[in-house]
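This is protein.txt. It holds compact mmCIF, C-alpha atoms (C1' of nucleotides).
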# COMPACT_ATOMS: atom_id res chain seq x y z
CA MET K 73 44.68 -61.26 114.50
CA LYS K 74 42.77 -58.04 113.91
CA LYS K 75 39.06 -57.66 114.43
CA ASP K 76 37.25 -58.34 111.14
CA LYS K 77 40.12 -59.73 109.11
CA VAL K 78 40.37 -63.27 107.90
CA ALA K 79 43.19 -65.42 106.67
CA PRO K 80 44.56 -64.13 103.37
CA ILE K 81 43.58 -65.77 100.13
CA CYS K 82 45.79 -65.19 97.11
CA GLU K 83 48.05 -63.15 99.38
CA ILE K 84 45.28 -60.64 99.90
CA GLU K 85 43.80 -59.73 103.26
CA ILE K 86 40.05 -59.77 103.42
CA VAL K 87 38.36 -56.82 105.07
CA ASN K 88 34.71 -57.75 104.87
CA ALA K 89 34.49 -61.51 104.64
CA LYS K 90 30.71 -61.61 104.47
CA ASN K 91 30.48 -59.40 101.40
CA VAL K 92 33.33 -61.21 99.70
CA LYS K 93 31.49 -64.47 100.20
CA LYS K 94 28.29 -63.02 98.77
CA ALA K 95 30.16 -61.65 95.78
CA ARG K 96 31.85 -64.97 95.17
CA LYS K 97 28.52 -66.74 95.32
CA ARG K 98 26.88 -64.29 92.95
CA ILE K 99 29.60 -64.88 90.39
CA ALA K 100 29.64 -68.63 90.87
CA ASP K 101 25.86 -68.90 90.59
CA THR K 102 25.86 -67.34 87.16
CA GLU K 103 26.76 -70.42 85.22
CA ASN K 104 26.68 -68.86 81.76
CA ILE K 105 28.65 -65.76 82.64
CA LEU K 106 31.03 -66.16 79.71
CA ASP K 107 28.13 -66.31 77.27
CA ILE K 108 26.69 -63.16 78.78
CA ALA K 109 30.01 -61.37 78.41
CA GLU K 110 30.26 -62.61 74.85
CA THR K 111 26.90 -61.10 73.95
CA PHE K 112 27.91 -57.77 75.44
CA LYS K 113 31.24 -57.89 73.67
CA LEU K 114 29.56 -58.45 70.32
CA LEU K 115 27.38 -55.38 70.82
CA GLY K 116 30.38 -53.45 72.09
CA GLU K 117 31.96 -52.86 68.73
CA PRO K 118 30.68 -49.94 66.61
CA THR K 119 30.56 -51.89 63.35
CA ARG K 120 28.55 -54.70 64.86
CA LEU K 121 26.28 -52.43 66.88
CA LYS K 122 25.52 -50.46 63.74
CA ILE K 123 24.75 -53.66 61.87
CA VAL K 124 22.28 -54.69 64.53
CA MET K 125 20.64 -51.27 64.58
CA ALA K 126 20.49 -51.16 60.79
CA ILE K 127 18.50 -54.39 60.58
CA THR K 128 16.37 -53.86 63.64
CA GLU K 129 13.21 -52.94 61.81
CA CYS K 130 13.82 -54.13 58.27
CA GLU K 131 15.85 -56.93 56.83
CA LEU K 132 18.74 -56.26 54.48
CA CYS K 133 20.90 -58.40 52.25
CA VAL K 134 24.62 -58.43 52.97
CA CYS K 135 25.31 -56.23 49.99
CA ASP K 136 22.87 -53.50 51.05
CA LEU K 137 24.05 -53.75 54.63
CA ALA K 138 27.59 -53.08 53.46
CA SER K 139 26.31 -50.17 51.45
CA ALA K 140 24.35 -48.72 54.36
CA MET K 141 27.42 -49.01 56.57
CA GLU K 142 29.73 -47.76 53.82
CA SER K 143 31.92 -50.72 54.53
CA ASN K 144 33.44 -53.79 52.97
CA ILE K 145 31.19 -56.75 52.16
CA SER K 146 33.71 -59.15 53.60
CA THR K 147 33.96 -57.21 56.83
CA ILE K 148 30.19 -57.23 57.21
CA SER K 149 29.98 -60.91 56.46
CA HIS K 150 32.63 -61.75 59.01
CA GLN K 151 30.82 -59.77 61.69
CA LEU K 152 27.46 -61.21 60.71
CA ARG K 153 28.81 -64.67 61.31
CA LEU K 154 29.71 -63.73 64.89
CA LEU K 155 26.31 -62.13 65.47
CA ARG K 156 24.60 -65.15 63.94
CA ASN K 157 26.44 -67.59 66.19
CA ALA K 158 25.33 -65.64 69.24
CA LYS K 159 21.76 -65.62 67.93
CA ILE K 160 21.73 -61.85 67.92
CA VAL K 161 20.70 -61.76 64.29
CA LYS K 162 18.89 -64.27 62.14
CA TYR K 163 18.91 -64.79 58.41
CA ARG K 164 16.72 -65.92 55.57
CA LYS K 165 18.00 -67.32 52.30
CA GLU K 166 16.37 -66.49 49.01
CA GLY K 167 18.33 -67.87 46.11
CA LYS K 168 21.78 -66.45 46.20
CA MET K 169 20.69 -63.60 48.42
CA VAL K 170 20.81 -63.77 52.20
CA TYR K 171 18.63 -61.41 54.17
CA TYR K 172 19.57 -60.59 57.73
CA SER K 173 17.37 -59.19 60.47
CA ALA K 174 17.64 -58.61 64.19
CA ASP K 175 14.19 -59.17 65.50
CA ASP K 176 15.26 -60.41 68.91
CA LYS K 177 13.31 -58.31 71.37
CA HIS K 178 15.87 -58.81 74.13
CA ILE K 179 18.56 -57.18 72.05
CA SER K 180 16.61 -54.13 70.96
CA ASP K 181 15.44 -53.73 74.55
CA ILE K 182 18.93 -53.57 76.00
CA ILE K 183 20.11 -51.22 73.28
CA GLU K 184 17.30 -48.86 74.25
CA ILE K 185 18.20 -49.10 77.92
CA VAL K 186 21.86 -48.40 77.28
CA LYS K 187 20.87 -45.54 75.01
CA GLU K 188 19.05 -44.04 77.99
CA HIS K 189 21.96 -44.79 80.29
CA THR K 190 24.49 -42.98 78.11
CA LYS K 191 22.16 -40.05 77.53
CA GLU K 192 22.11 -39.28 81.23
CA GLY K 193 25.89 -39.32 81.55
CA MET B 154 19.95 -50.17 34.29
CA LYS B 155 18.17 -53.02 36.05
CA LYS B 156 14.79 -52.73 37.73
CA ASP B 157 15.27 -51.85 41.43
CA LYS B 158 18.95 -51.05 41.38
CA VAL B 159 20.43 -47.66 41.96
CA ALA B 160 23.78 -46.10 41.21
CA PRO B 161 26.53 -47.81 43.17
CA ILE B 162 27.89 -46.26 46.32
CA CYS B 163 31.29 -47.36 47.50
CA GLU B 164 31.39 -49.65 44.47
CA ILE B 165 28.43 -51.59 45.82
CA GLU B 166 25.15 -52.04 44.00
CA ILE B 167 22.07 -51.33 46.04
CA VAL B 168 19.27 -53.85 45.88
CA ASN B 169 16.63 -52.33 48.12
CA ALA B 170 17.23 -48.60 48.21
CA LYS B 171 14.33 -47.88 50.54
CA ASN B 172 15.58 -50.16 53.30
CA VAL B 173 19.13 -48.97 52.90
CA LYS B 174 17.95 -45.42 53.40
CA LYS B 175 15.99 -46.39 56.50
CA ALA B 176 18.99 -48.21 57.91
CA ARG B 177 21.26 -45.26 57.22
CA LYS B 178 18.82 -42.96 58.96
CA ARG B 179 18.50 -45.21 61.98
CA ILE B 180 22.26 -45.22 62.40
CA ALA B 181 22.64 -41.51 61.78
CA ASP B 182 19.87 -40.63 64.24
CA THR B 183 21.64 -42.36 67.09
CA GLU B 184 24.00 -39.57 67.94
CA ASN B 185 25.71 -41.29 70.88
CA ILE B 186 26.22 -44.63 69.18
CA LEU B 187 29.90 -44.79 70.12
CA ASP B 188 29.08 -44.28 73.79
CA ILE B 189 26.51 -47.04 73.60
CA ALA B 190 29.05 -49.39 72.05
CA GLU B 191 31.57 -48.40 74.70
CA THR B 192 29.18 -49.35 77.50
CA PHE B 193 28.55 -52.74 75.92
CA LYS B 194 32.24 -53.27 75.35
CA LEU B 195 32.98 -52.63 79.02
CA LEU B 196 30.46 -55.26 80.06
CA GLY B 197 31.74 -57.59 77.36
CA GLU B 198 34.86 -58.63 79.17
CA PRO B 199 34.60 -61.40 81.80
CA THR B 200 36.75 -59.67 84.39
CA ARG B 201 34.75 -56.47 84.22
CA LEU B 202 31.38 -58.20 84.04
CA LYS B 203 32.29 -60.20 87.13
CA ILE B 204 33.32 -57.04 88.92
CA VAL B 205 29.98 -55.45 88.17
CA MET B 206 28.09 -58.52 89.28
CA ALA B 207 30.16 -58.83 92.42
CA ILE B 208 29.25 -55.33 93.59
CA THR B 209 25.68 -55.32 92.40
CA GLU B 210 24.09 -55.81 95.79
CA CYS B 211 26.85 -54.95 98.22
CA GLU B 212 29.78 -52.62 98.05
CA LEU B 213 33.33 -53.88 98.27
CA CYS B 214 36.72 -52.26 98.69
CA VAL B 215 39.26 -52.83 95.94
CA CYS B 216 41.17 -55.28 98.04
CA ASP B 217 38.16 -57.48 98.78
CA LEU B 218 37.05 -57.24 95.18
CA ALA B 219 40.43 -58.54 94.07
CA SER B 220 40.08 -61.32 96.61
CA ALA B 221 36.59 -62.24 95.47
CA MET B 222 37.78 -62.34 91.88
CA GLU B 223 41.00 -64.13 92.80
CA SER B 224 42.82 -61.53 90.79
CA ASN B 225 45.47 -58.85 91.01
CA ILE B 226 44.64 -55.60 92.79
CA SER B 227 46.24 -53.58 90.03
CA THR B 228 44.21 -55.35 87.38
CA ILE B 229 41.00 -54.71 89.27
CA SER B 230 41.87 -51.07 89.84
CA HIS B 231 42.61 -50.54 86.16
CA GLN B 232 39.27 -52.01 85.16
CA LEU B 233 37.44 -50.10 87.86
CA ARG B 234 38.71 -46.89 86.39
CA LEU B 235 37.17 -47.75 83.04
CA LEU B 236 33.88 -48.73 84.65
CA ARG B 237 33.91 -45.56 86.72
CA ASN B 238 34.46 -43.33 83.70
CA ALA B 239 31.48 -44.91 82.00
CA LYS B 240 29.40 -44.41 85.13
CA ILE B 241 28.75 -48.12 85.35
CA VAL B 242 30.06 -48.24 88.92
CA LYS B 243 30.33 -45.59 91.57
CA TYR B 244 32.61 -45.30 94.57
CA ARG B 245 32.73 -43.97 98.07
CA LYS B 246 35.89 -43.00 99.88
CA GLU B 247 36.39 -43.73 103.53
CA GLY B 248 39.87 -42.84 104.69
CA LYS B 249 42.32 -44.83 102.66
CA MET B 250 39.67 -47.32 101.64
CA VAL B 251 37.58 -46.97 98.49
CA TYR B 252 34.31 -48.82 98.32
CA TYR B 253 32.83 -49.58 94.94
CA SER B 254 29.24 -50.42 94.08
CA ALA B 255 27.16 -50.83 90.96
CA ASP B 256 23.76 -49.61 91.91
CA ASP B 257 22.81 -48.38 88.45
CA LYS B 258 19.47 -49.97 87.72
CA HIS B 259 19.96 -49.76 83.96
CA ILE B 260 23.03 -51.93 84.15
CA SER B 261 21.61 -54.66 86.36
CA ASP B 262 18.51 -54.66 84.17
CA ILE B 263 20.38 -55.33 80.95
CA ILE B 264 22.51 -57.98 82.59
CA GLU B 265 19.33 -59.77 83.60
CA ILE B 266 17.92 -59.48 80.09
CA VAL B 267 21.08 -60.83 78.49
CA LYS B 268 21.14 -63.60 81.06
CA GLU B 269 17.69 -64.61 79.82
CA HIS B 270 18.76 -64.24 76.22
CA THR B 271 21.72 -66.56 76.56
CA LYS B 272 19.75 -69.07 78.57
CA GLU B 273 17.38 -69.62 75.68
CA GLY B 274 20.18 -70.20 73.19
C1' DA O 158 58.24 -37.66 110.60
C1' DA O 159 58.25 -42.33 109.37
C1' DA O 160 56.20 -46.71 108.81
C1' DA O 161 52.24 -49.28 107.20
C1' DC O 162 48.66 -49.74 104.30
C1' DA O 163 45.02 -49.19 100.23
C1' DT O 164 44.71 -47.60 95.98
C1' DT O 165 46.15 -45.60 91.71
C1' DT O 166 49.00 -45.00 87.78
C1' DG O 167 52.86 -45.78 84.24
C1' DT O 168 55.04 -48.96 81.41
C1' DA O 169 55.75 -53.11 78.93
C1' DT O 170 54.18 -57.22 76.85
C1' DA O 171 51.49 -61.00 75.15
C1' DT O 172 47.08 -61.79 73.27
C1' DT O 173 43.00 -60.73 70.98
C1' DT O 174 40.62 -58.97 67.21
C1' DG O 175 38.83 -55.95 63.28
C1' DT O 176 39.80 -55.28 58.62
C1' DT O 177 41.30 -56.31 53.99
C1' DC O 178 42.55 -59.02 49.94
C1' DA O 179 42.16 -63.22 47.57
C1' DA O 180 40.13 -67.43 46.81
C1' DA O 181 36.21 -70.61 47.45
C1' DT O 182 31.33 -71.79 47.59
C1' DG O 183 26.90 -71.81 45.98
C1' DT O 184 23.06 -69.97 43.00
C1' DT O 185 20.95 -68.12 38.89
C1' DT O 186 20.74 -67.21 34.07
C1' DA O 187 22.11 -67.29 29.32
C1' DT R 210 28.13 -75.63 30.95
C1' DA R 211 29.97 -71.27 31.52
C1' DA R 212 29.50 -66.65 33.01
C1' DA R 213 27.79 -63.52 36.48
C1' DC R 214 26.71 -62.61 40.89
C1' DA R 215 26.07 -62.79 46.32
C1' DT R 216 28.05 -64.51 50.04
C1' DT R 217 31.36 -66.96 52.79
C1' DT R 218 35.81 -68.23 54.27
C1' DG R 219 40.99 -68.24 54.95
C1' DA R 220 45.11 -65.86 55.79
C1' DA R 221 47.79 -61.96 57.11
C1' DC R 222 48.56 -57.69 59.22
C1' DA R 223 47.85 -53.63 62.10
C1' DA R 224 45.66 -51.85 66.03
C1' DA R 225 43.54 -52.35 70.49
C1' DT R 226 43.78 -54.07 75.07
C1' DA R 227 43.98 -57.06 79.39
C1' DT R 228 47.30 -58.11 82.63
C1' DA R 229 51.36 -57.83 85.68
C1' DC R 230 55.14 -55.53 87.93
C1' DA R 231 56.99 -51.50 89.87
C1' DA R 232 56.65 -47.02 91.41
C1' DA R 233 53.76 -43.16 93.02
C1' DT R 234 50.01 -41.13 95.68
C1' DG R 235 47.44 -40.40 99.58
C1' DT R 236 45.83 -41.74 104.33
C1' DT R 237 46.26 -43.37 108.99
C1' DT R 238 48.81 -44.46 113.07
C1' DT R 239 52.61 -44.51 116.10
Show how you would write the structure in this file as structure tokens.
Amino acid sequence: MKKDKVAPICEIEIVNAKNVKKARKRIADTENILDIAETFKLLGEPTRLKIVMAITECELCVCDLASAMESNISTISHQLRLLRNAKIVKYRKEGKMVYYSADDKHISDIIEIVKEHTKEG
Amino acid sequence: MKKDKVAPICEIEIVNAKNVKKARKRIADTENILDIAETFKLLGEPTRLKIVMAITECELCVCDLASAMESNISTISHQLRLLRNAKIVKYRKEGKMVYYSADDKHISDIIEIVKEHTKEG
DNA sequence: AAAACATTTGTATATTTGTTCAAATGTTTA
DNA sequence: TAAACATTTGAACAAATATACAAATGTTTT
């Protein structure tokens, strides 16, 4: 057997077993990794990202949000449901109106960071 | 015409014109909004997020990365290309080997923040 | 030069998903 | 109670995309 190599797993030879082990551990230790991916995925769609940015500093009803986005009310409502479930946006009912806002600091923080990241590219 | 309402745009009545205008402006002012969404989208897929996390603290060749992820080399390579284009990961060639790493501080920062965010939910 | 190997790339396919229309729900007002 | 309105929800369709296999590229070694 060659110097650093280890028995193959999944038919793949391992070159640096130590680093592979570390990587495996890092992934395994992140128990809510699917939830993290889900949050990123929700922000990774222009319509939804725009929704979040639109209601970052002031709340809007679904109707006005659709207007601001120049989009369909139904489309906005569908996307809002996804964002709501992930606790990325919150809402407040007032009669038949529903006002949405995105006051979660975490979310606006990461949007700012990614904004910086893409600017540099 | 009713009190606060304004002429319809896209067949939608506007309730709070001031906030709609602010929202529109906030969206319009973010010139690279599609790039921002793209970065989020790339992190929003479990395979790619795991890749990034795997190589956050130590570099790995494609082969070992595939092993650590228990996945296909081709699949990993395809996803690495996307991550590379978005400057989320970088690589270093050494002969026929290619070592990938994700040392971008921005990226590990936002992953940590989202990790916190999802924990609270 | 050829064999061996790591990685990349092209193609095809199955799955996911964003959007739209239509209908349903729930609230206010006449 | 009925009409008007805001929002939600269901269903269907088109578009995007993650994955796998096969072939191509590029590098090292014999």
(message) Excluding range 191-208 of chain B and its own-chain neighbours fewer than 2 positions away, which residues fall within 8 Å of it when counting all atoms listed in the file? Please give them as a ChimeraX atom specification.
(response) /K:94-96,98-99,105-106,108-117,186,190 /B:187-189,210-213,218,221-222,232-233,235-236,239,241-242,253-255
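Atom pair CA of His189 in chain K / CA of Asp262 in chain B has a distance of 11.2 Å (rounded to one decimal).
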(message) Residues of chain B within 10 Å of chain R, counting all atoms listed in the file - could you list those as a PyMOL selection string?
(response) chain B and resi 198+200+224-225+227-229+231-232+247-250
(request) In Å, rounded to a single decimal, give me how far CA of Lys178 in chain B is from CA of Glu192 in chain K. (result) 22.8 Å
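With only C-alpha atoms (C1' of nucleotides) taken into account, chain O has DA163, DT164 and DT165 of chain O at most 8 Å from chain B.
Proximity to chain K was assessed for B:Asp256, B:Glu184, B:Lys246, B:Val168 counting only C-alpha atoms; the smallest distance is recorded for B:Val168.
Take CA of Glu142 in chain K and CA of Lys159 in chain K: the distance between them is 24.1 Å.
Here the question is which of B:Val173, B:Lys258, B:Arg237, B:Tyr244 gets nearest to chain K using all atoms listed in the file, and that residue is B:Val173.
Minimum atom-to-atom distance to chain B, evaluated using all atoms listed in the file, belongs to K:Asp136 out of K:Glu184, K:Asp176, K:Asp101, K:Asp136.
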How would range 197-218 of chain B read, as a CSV table (one decimal), in the coordinates of the input, once N, CA and C atoms are built in?
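Contents of the output file selection.csv:
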chain,number,residue,atom,x,y,z
B,197,GLY,N,31.5,-56.4,78.2
B,197,GLY,CA,31.7,-57.6,77.4
B,197,GLY,C,33.1,-58.3,77.6
B,198,GLU,N,33.6,-58.0,78.8
B,198,GLU,CA,34.9,-58.6,79.2
B,198,GLU,C,34.7,-59.3,80.5
B,199,PRO,N,34.9,-60.6,80.6
B,199,PRO,CA,34.6,-61.4,81.8
B,199,PRO,C,35.0,-60.8,83.1
B,200,THR,N,36.3,-60.3,83.2
B,200,THR,CA,36.8,-59.7,84.4
B,200,THR,C,35.9,-58.5,84.8
B,201,ARG,N,35.6,-57.6,83.9
B,201,ARG,CA,34.8,-56.5,84.2
B,201,ARG,C,33.3,-56.8,84.5
B,202,LEU,N,32.8,-57.8,83.8
B,202,LEU,CA,31.4,-58.2,84.0
B,202,LEU,C,31.3,-58.8,85.4
B,203,LYS,N,32.3,-59.6,85.8
B,203,LYS,CA,32.3,-60.2,87.1
B,203,LYS,C,32.4,-59.1,88.2
B,204,ILE,N,33.2,-58.1,88.0
B,204,ILE,CA,33.3,-57.0,88.9
B,204,ILE,C,32.0,-56.4,89.2
B,205,VAL,N,31.3,-56.1,88.1
B,205,VAL,CA,30.0,-55.4,88.2
B,205,VAL,C,29.0,-56.3,88.9
B,206,MET,N,29.0,-57.6,88.6
B,206,MET,CA,28.1,-58.5,89.3
B,206,MET,C,28.4,-58.7,90.7
B,207,ALA,N,29.7,-58.7,91.0
B,207,ALA,CA,30.2,-58.8,92.4
B,207,ALA,C,29.7,-57.7,93.3
B,208,ILE,N,29.6,-56.5,92.8
B,208,ILE,CA,29.2,-55.3,93.6
B,208,ILE,C,27.9,-54.8,93.3
B,209,THR,N,27.0,-55.7,92.8
B,209,THR,CA,25.7,-55.3,92.4
B,209,THR,C,24.8,-55.1,93.6
B,210,GLU,N,25.0,-55.9,94.6
B,210,GLU,CA,24.1,-55.8,95.8
B,210,GLU,C,24.8,-55.4,97.1
B,211,CYS,N,26.1,-55.4,97.1
B,211,CYS,CA,26.8,-55.0,98.2
B,211,CYS,C,28.2,-54.3,97.8
B,212,GLU,N,28.5,-53.3,98.4
B,212,GLU,CA,29.8,-52.6,98.0
B,212,GLU,C,31.0,-53.4,98.6
B,213,LEU,N,32.1,-53.2,97.9
B,213,LEU,CA,33.3,-53.9,98.3
B,213,LEU,C,34.5,-52.9,98.1
B,214,CYS,N,35.5,-53.0,98.9
B,214,CYS,CA,36.7,-52.3,98.7
B,214,CYS,C,37.5,-53.0,97.6
B,215,VAL,N,38.5,-52.3,97.0
B,215,VAL,CA,39.3,-52.8,95.9
B,215,VAL,C,39.9,-54.1,96.3
B,216,CYS,N,40.5,-54.1,97.5
B,216,CYS,CA,41.2,-55.3,98.0
B,216,CYS,C,40.3,-56.5,98.1
B,217,ASP,N,39.1,-56.4,98.7
B,217,ASP,CA,38.2,-57.5,98.8
B,217,ASP,C,37.6,-57.9,97.4
B,218,LEU,N,37.5,-56.9,96.5
B,218,LEU,CA,37.0,-57.2,95.2
B,218,LEU,C,38.1,-58.1,94.5
